[in-house]
Amino acid sequence: MAKMILRFFLVQISCLIFSLSLPAAKTDAVSNGTPDSLSLLRKTIDAIRISTPPKIDGELNEPFWATLPVATNFVEYSPRNGTHPPFETEVRFAFDDLALYIGTILFDPYPDSICHELGRRDQIEQLNTDYISFDILPYNDALNMFEFKVSPANLQSDTKYSPVGQDVYWDAVWQSAARITDSGWIVEVRIPYSALRFPKVEEQVWGINMWRHVRRYQEWSTWCFVDNKVRELFNYYGEVTGINHVNPPMRLSFSPYLTGYVEKNPDNTKWSWLLRGGMDVKLGITDSYTLDMMLIPDFGQVQSDDIILNLSPFEIRYDEKRQFFTEGTELFDKCEIFYTRRVGSMPRNYPSAWDSLGPDEEVVKNPEETRIINATKISGRNARGLGLGFFNAMTTNTWAIIEDSVTGNSRRVSTQPFTNYNVMVVDQNLKNNSYVTLINTNYYAPDDHYSGNVTGTEARFCNKSNTLAVFGRLNVSQEYQLGSKPVFGYRYRLSVAKPSGNFQYEVFRDAMDDRYNPNDMGFLTNNNEDVNSVSLAYNTYDPFWKINRTQTYFITSYTTLHTPNKFMDLRFELNHYTQFKSFWAIYLEGGIHPLGSDDFYEPRVWGAVYKRPLSYDFTWNVATDLRKAFRIHTSISVSNRPENKNFTFYIDLIPRIRFSDRFTITLNSSYSKEMNDNGWVETLYDSLGNPTIFFGRRDILTINNILDARYIFNTKLSLSLRVRHYWSQVKYLEYYTLTPDGNLDPDSYWQDHNINFNAFSADLQFIWYFAPGSELSVVWKNYIMTSGNQLKSNYFDDIGETLSAPQTNSFSVRILYYLDYQLIKKVLTKKKKRESSN
């Protein structure tokens with residue numbers, strides 16, 4: 001194994017030297033000086049006012065389309081940056097008082113070869129399909145962008161971009177029509193002004209660019225040239241002019257919903273039913289800021305979490321899947337102090353129900369989630385680049401019910417009282433894609449007399465050429481409990497980076513003291529840690545030989561305790577990614593902890609340490625051409641600690657079969673076997689309070705299978721099934737006591753700590769988008785979780801027993817209808833005119 005790792009590092013170093021020795025690759029266009037002139041010239045296209053709106057049917061047969069200025073002469077972005085794309089594209093813009101209209105002709109001499117796989121909304125990037133993207137920056141600030149994508153099958157996708165990142169969950173209500181013709185394909189789009197945010201000025205000048213993707217060639221082209229060596233793409237965007245005398249409309253919409261449930265839980269022998277109703281309200285307070293309110297929320301149809309067995313001393317972080325908490329929240333991600341799943345999560349004092357049990361008492365009900373009463377957020381950014389965000393949510397009292405099995409009497413125990421959650425953000429854009437931010441989170445439980453407060457500020461400053469970026473962040477946490485002294489903690493991060501070009505680097509320090517705690521509303525596994533890191537990278541962007549592009553990284557990090565200043569870890573890592581012209585890709589990674597690591601958290605007792613010996617690891621990933629009907633992604637990882645014979649092997653296989661443009665099945669199967677892992681088992685205290693910490697040597701087997709199947713009837717009607725079975729088995733072989741110097745001594749301690757853990761979930765979902773912004777969803781959910789200490793000899797015995805265990809079943813039907821104020825006003829106006837004419 002050591003020889004294999006050594007060979008890997010030699011190969012990686014050779015690749016890095018080879019990459020560094022390459023001359024700067026030049027395309028034909030670069031040699032002619034074309035991209036240099038393109039990068040300095042911002043293209044401009046005029047939008048023309050029309051009196052009668054077109055029918056959005058993908059025909060472009062209204063006479064005015066032929067008279068409009070044409071945006072053409074696209075430039076290839078990838079793989080041959082700066083060259084001429086294989087096919088021509090023509091884009092035209094029109095507008096009226098209500099909307100922007102875009103007509104596009106995408107020429108292709110082989111229309112039968114145009115890729116047009118069907119999928120659900122916002123899945124375009126995951127599908128085997130061509131598409132056209134319209135990127136609009138209403139403030140023309142190179143920072144905030146609205147992206148609208150359309151495929152030849154008329155599938156829509158939309159995303160909102162900001163300096164924080166991208167909001168892929170943002171869903172606007174807009175219209176499109178697309179069709180394949182004898183000479184390519186056509187797209188016709190209507191984007192109502194209510195879907196955008198723009199300044200209230202007489203003459204609008206919006207940033208604009210269009211991206212075309214030809215899937216069968218894996219080729220991207222843009223109207224305005226974009227250098228693929230830089231990250232700040234918006235600096236290269238052009239402008240759409242001519243839009244005048246349009247006012248930001250009143251942005252007001254209502255989305256009432258009604259959901260019916262039929263459920264059966266393991267605790268109940270009979271099926272029960274439940275009816276819930278509520279509403280989402282969106283209001284444009286100004287042309288820049290929007291209020292989004294959720295009244296009586298319901299998340300019963302949200303996809304099940306991928307639960308895993310947690311043997312670590314840290315909490316597991318699960319992804320947010322509730323739409324209200326994923327859409328329009330990019331401002332609240334600043335400083336990394338707001339984890340939205342804290343709202344409506346497990347009650348703060350959930351275990352107290354069992355802690356308060358008396359003789360003959362048992363817990364008969366203990367809700368695992370607090371119930372959200374309502375939630376509100378206000379966010380937006382004005383023409384001067386000032387972003388404001390406000391978030392508030394409230395959860396009601398949560399009670400556990402305890403019953404005396406002898407008398408039958410019951411009582412309630414509060415596991416979390418009424419709680420208020422607040423977030424406030426102020427963010428100012430600066431020149432050169434720079435910004436400065438101030439954010440505050442506040443958690444308040446009045447009946448507990450407790451408040452948790454975190455204030456953070458961060459700033460990023462870049463030079464004009466984006467070859468230097470300086471970043472700084474400071475967070476301060478404050479905890480207030482009646483009768484106790486306030487607790488203050490801090491965390492800061494400083495970094496200097498070169499974020500663009502072939503050669504890139506970053507140097508950073510991230511430090512936090514032992515009292516920093518953002519976890520009332522944020523997420524942090526552990527504090528009291530200082531990390532210093534340096535990363536060097538060399539990227540090739542232009543094709544050469546049989547390779548499209550490469551990325552090579554070298555990273556080293558040194559970690560210590562903050563207080564006291566003690567060594568924790570030193571790691572060196574080298575990784576390399578290559579995409580070939582066949583569109584296969586390979587990723588290699590190797591790392592080593594040459595000094596081992598001092599683990600201050602695994603013992604679960606402050607001051608104790610477990611000294612892990614030297615270790616090294618290697619990862620190999622390969623992915624075949626994703627354009628093909630059959631595609632497979634494979635990952636193999638090994639890690640080894642020779643001193644204690646701790647060896648881990650991991651393999652992940654993800655085959656995907658696309659039977660047609662409508663039907664696709666993906667299987668994700670992973671197998672992991674960790675042998676001779678040493679981990680904490682139990683801590684016992686003597687009469688003086690002195691701890692004895694027991695560790696166990698164990699073998700851990702984990703198998704995870706996920707089946708995803710989807711059938712798309714059309715762009716508005718789809719059926720999907722996701723089934724997951726996770727099995728983890730822990731077999732203890734020997735027990736030890738942890739010594740004061742961090743080593744392990746064999747011990748005669750023996751208890752059965754073996755674990756056989758299973759999590760099974762199935763989510764079947766039928767969705768019909770029957771009107772713009774409106775949907776009908778029918779969902780069936782099945783969930784099983786078991787845990788015991790009887791180990792199974794094989795996988796099929798285990799899954800058979802799991803499927804026969806008590807389970808939760810839920811069948812629900814939900815209807816949501818989108819009501820737009822502008823549309824309601826238009827309908828009422830027409831009705832009034834008809835009545836007056838009669």
# chains A, B, ... in the order shown; residues from 1 in each chain; ligands from 1
call {"tool": "residues_around", "arguments": {"residues": "Tyr480 in chain A", "least_positions_apart": "4", "cutoff": "10 Å", "atoms": "only C-alpha atoms", "output": "ChimeraX atom specification"}}
result
/A:444,449-453,484-488
call {"tool": "residues_around", "arguments": {"residues": "Tyr421 in chain A", "least_positions_apart": "5", "cutoff": "12 Å", "atoms": "only C-alpha atoms", "output": "ChimeraX atom specification"}}
result
/A:338-344,372-377,390-396,440-446,451-454,520-522
call {"tool": "closest_residue", "arguments": {"among": "A:Glu327, A:Lys716, A:Thr634, A:Tyr732", "to": "Glu674 in chain A", "atoms": "only C-alpha atoms"}}
result
A:Tyr732
call {"tool": "residues_around", "arguments": {"residues": "Ala177 in chain A", "least_positions_apart": "3", "cutoff": "8 Å", "atoms": "only C-alpha atoms", "output": "VMD selection string"}}
result
chain A and resid 56 to 58 154 187 to 189
call {"tool": "write_last_selection", "arguments": {"atoms": "N, CA, C and O atoms", "output": "PDB file, in the first residue's frame"}}
result
ATOM      1  N   ILE A  56     -47.386  33.448 -27.410  1.00  0.00           N
ATOM      2  CA  ILE A  56     -46.198  32.659 -27.080  1.00  0.00           C
ATOM      3  C   ILE A  56     -46.450  31.220 -27.517  1.00  0.00           C
ATOM      4  O   ILE A  56     -46.997  30.402 -26.777  1.00  0.00           O
ATOM      5  N   ASP A  57     -46.039  30.934 -28.772  1.00  0.00           N
ATOM      6  CA  ASP A  57     -46.306  29.620 -29.357  1.00  0.00           C
ATOM      7  C   ASP A  57     -45.088  29.008 -30.047  1.00  0.00           C
ATOM      8  O   ASP A  57     -45.177  27.932 -30.631  1.00  0.00           O
ATOM      9  N   GLY A  58     -43.945  29.726 -30.018  1.00  0.00           N
ATOM     10  CA  GLY A  58     -42.747  29.193 -30.655  1.00  0.00           C
ATOM     11  C   GLY A  58     -42.753  29.314 -32.161  1.00  0.00           C
ATOM     12  O   GLY A  58     -41.948  28.667 -32.830  1.00  0.00           O
ATOM     13  N   ASN A 154     -39.108  22.632 -24.457  1.00  0.00           N
ATOM     14  CA  ASN A 154     -39.782  23.699 -23.707  1.00  0.00           C
ATOM     15  C   ASN A 154     -39.754  23.459 -22.201  1.00  0.00           C
ATOM     16  O   ASN A 154     -40.665  23.842 -21.467  1.00  0.00           O
ATOM     17  N   VAL A 187     -37.213  29.375 -29.958  1.00  0.00           N
ATOM     18  CA  VAL A 187     -37.699  29.643 -28.602  1.00  0.00           C
ATOM     19  C   VAL A 187     -38.355  31.019 -28.576  1.00  0.00           C
ATOM     20  O   VAL A 187     -37.810  31.993 -29.119  1.00  0.00           O
ATOM     21  N   GLU A 188     -39.507  31.087 -27.953  1.00  0.00           N
ATOM     22  CA  GLU A 188     -40.204  32.353 -27.750  1.00  0.00           C
ATOM     23  C   GLU A 188     -40.515  32.478 -26.259  1.00  0.00           C
ATOM     24  O   GLU A 188     -41.022  31.532 -25.654  1.00  0.00           O
ATOM     25  N   VAL A 189     -40.184  33.629 -25.678  1.00  0.00           N
ATOM     26  CA  VAL A 189     -40.245  33.792 -24.225  1.00  0.00           C
ATOM     27  C   VAL A 189     -40.958  35.099 -23.871  1.00  0.00           C
ATOM     28  O   VAL A 189     -40.748  36.131 -24.530  1.00  0.00           O
TER      29      VAL A 189
END
call {"tool": "select_by_dssp", "arguments": {"residues": "range 127-308 of chain A", "states": "strand (DSSP E or B)", "output": "PyMOL selection string"}}
result
chain A and resi 129+131-137+145-150+156-162+165-167+175-181+184-192+203-214+219-222+238-244+252-264+272-284+289-295
call {"tool": "write_last_selection", "arguments": {"atoms": "C-alpha atoms", "output": "CSV table (one decimal), in the first residue's frame"}}
result
chain,number,residue,atom,x,y,z
A,129,THR,CA,-30.6,18.3,-23.8
A,131,TYR,CA,-30.7,24.8,-24.1
A,132,ILE,CA,-30.5,28.5,-24.4
A,133,SER,CA,-30.0,30.7,-21.4
A,134,PHE,CA,-31.0,34.4,-21.1
A,135,ASP,CA,-29.0,36.1,-18.4
A,136,ILE,CA,-30.5,39.5,-17.3
A,137,LEU,CA,-28.9,41.9,-14.9
A,145,MET,CA,-28.5,38.3,-12.3
A,146,PHE,CA,-31.7,36.5,-13.2
A,147,GLU,CA,-31.2,33.4,-15.4
A,148,PHE,CA,-34.0,32.0,-17.6
A,149,LYS,CA,-33.2,28.7,-19.5
A,150,VAL,CA,-35.3,26.9,-22.1
A,156,GLN,CA,-37.9,25.7,-18.1
A,157,SER,CA,-35.2,26.4,-15.5
A,158,ASP,CA,-34.5,29.7,-13.6
A,159,THR,CA,-31.9,30.7,-11.2
A,160,LYS,CA,-31.0,33.9,-9.3
A,161,TYR,CA,-27.4,35.0,-8.8
A,162,SER,CA,-25.9,37.3,-6.3
A,165,GLY,CA,-23.8,32.6,-4.9
A,166,GLN,CA,-26.8,31.2,-6.8
A,167,ASP,CA,-30.3,30.4,-5.7
A,175,GLN,CA,-43.9,31.8,-20.3
A,176,SER,CA,-42.0,30.1,-23.0
A,177,ALA,CA,-42.6,28.0,-26.1
A,178,ALA,CA,-40.1,25.9,-28.1
A,179,ARG,CA,-40.2,23.7,-31.1
A,180,ILE,CA,-37.7,21.9,-33.4
A,181,THR,CA,-37.8,22.9,-37.1
A,184,GLY,CA,-32.8,24.0,-35.9
A,185,TRP,CA,-35.1,25.1,-33.1
A,186,ILE,CA,-37.0,28.2,-32.0
A,187,VAL,CA,-37.7,29.6,-28.6
A,188,GLU,CA,-40.2,32.4,-27.8
A,189,VAL,CA,-40.2,33.8,-24.2
A,190,ARG,CA,-42.3,36.2,-22.2
A,191,ILE,CA,-40.8,37.5,-19.0
A,192,PRO,CA,-43.2,39.7,-17.0
A,203,GLU,CA,-34.5,54.6,-19.5
A,204,GLN,CA,-33.6,51.1,-18.5
A,205,VAL,CA,-30.1,49.7,-19.3
A,206,TRP,CA,-29.9,46.1,-18.4
A,207,GLY,CA,-26.9,43.8,-18.5
A,208,ILE,CA,-27.4,40.8,-20.8
A,209,ASN,CA,-25.8,37.7,-22.2
A,210,MET,CA,-27.1,34.6,-23.8
A,211,TRP,CA,-25.6,31.1,-23.5
A,212,ARG,CA,-26.2,28.4,-26.0
A,213,HIS,CA,-25.4,24.7,-25.2
A,214,VAL,CA,-25.1,22.1,-27.9
A,219,GLU,CA,-20.1,23.0,-26.6
A,220,TRP,CA,-21.1,26.3,-24.9
A,221,SER,CA,-21.2,29.7,-26.7
A,222,THR,CA,-22.1,33.2,-25.6
A,238,GLY,CA,-23.3,43.2,-22.8
A,239,GLU,CA,-26.3,45.5,-22.6
A,240,VAL,CA,-29.9,45.6,-23.7
A,241,THR,CA,-31.1,49.2,-24.2
A,242,GLY,CA,-34.2,50.9,-25.5
A,243,ILE,CA,-36.5,49.8,-22.7
A,244,ASN,CA,-38.2,53.0,-21.6
A,252,LEU,CA,-48.2,40.8,-5.3
A,253,SER,CA,-49.1,37.2,-5.4
A,254,PHE,CA,-50.9,34.6,-3.3
A,255,SER,CA,-50.4,30.9,-3.3
A,256,PRO,CA,-53.1,29.2,-1.2
A,257,TYR,CA,-52.7,25.5,-0.7
A,258,LEU,CA,-54.8,22.6,0.7
A,259,THR,CA,-53.3,19.2,1.7
A,260,GLY,CA,-55.0,16.1,2.8
A,261,TYR,CA,-53.2,13.3,4.5
A,262,VAL,CA,-54.0,9.6,5.3
A,263,GLU,CA,-51.3,8.2,7.6
A,264,LYS,CA,-50.4,5.2,9.7
A,272,SER,CA,-55.7,8.5,10.5
A,273,TRP,CA,-56.5,11.4,8.3
A,274,LEU,CA,-55.6,15.1,8.5
A,275,LEU,CA,-56.5,18.2,6.4
A,276,ARG,CA,-54.2,21.2,6.3
A,277,GLY,CA,-54.5,24.6,4.6
A,278,GLY,CA,-52.3,27.7,4.4
A,279,MET,CA,-50.9,30.3,2.1
A,280,ASP,CA,-47.7,31.8,0.8
A,281,VAL,CA,-47.8,35.6,0.1
A,282,LYS,CA,-45.2,37.6,-1.9
A,283,LEU,CA,-45.3,41.4,-1.9
A,284,GLY,CA,-43.0,43.8,-3.6
A,289,TYR,CA,-37.3,44.6,-1.9
A,290,THR,CA,-39.8,41.7,-1.5
A,291,LEU,CA,-41.7,40.4,1.4
A,292,ASP,CA,-42.3,36.6,1.5
A,293,MET,CA,-44.7,35.2,4.1
A,294,MET,CA,-45.6,31.7,4.9
A,295,LEU,CA,-48.9,31.3,6.8
call {"tool": "residues_around", "arguments": {"residues": "range 463-471 of chain A", "least_positions_apart": "5", "cutoff": "9 Å", "atoms": "only C-alpha atoms", "output": "PyMOL selection string"}}
result
chain A and resi 230-232+431-434+458+493-501+504+508
call {"tool": "atom_distance", "arguments": {"atom1": "CA of Val168 in chain A", "atom2": "CA of Leu155 in chain A"}}
result
15.2 Å
call {"tool": "closest_residue", "arguments": {"among": "A:Arg215, A:Ile815, A:Glu589, A:Glu602", "to": "Phe770 in chain A", "atoms": "only C-alpha atoms"}}
result
A:Ile815
call {"tool": "atom_distance", "arguments": {"atom1": "CA of Ile767 in chain A", "atom2": "CA of Ser718 in chain A"}}
result
5.5 Å
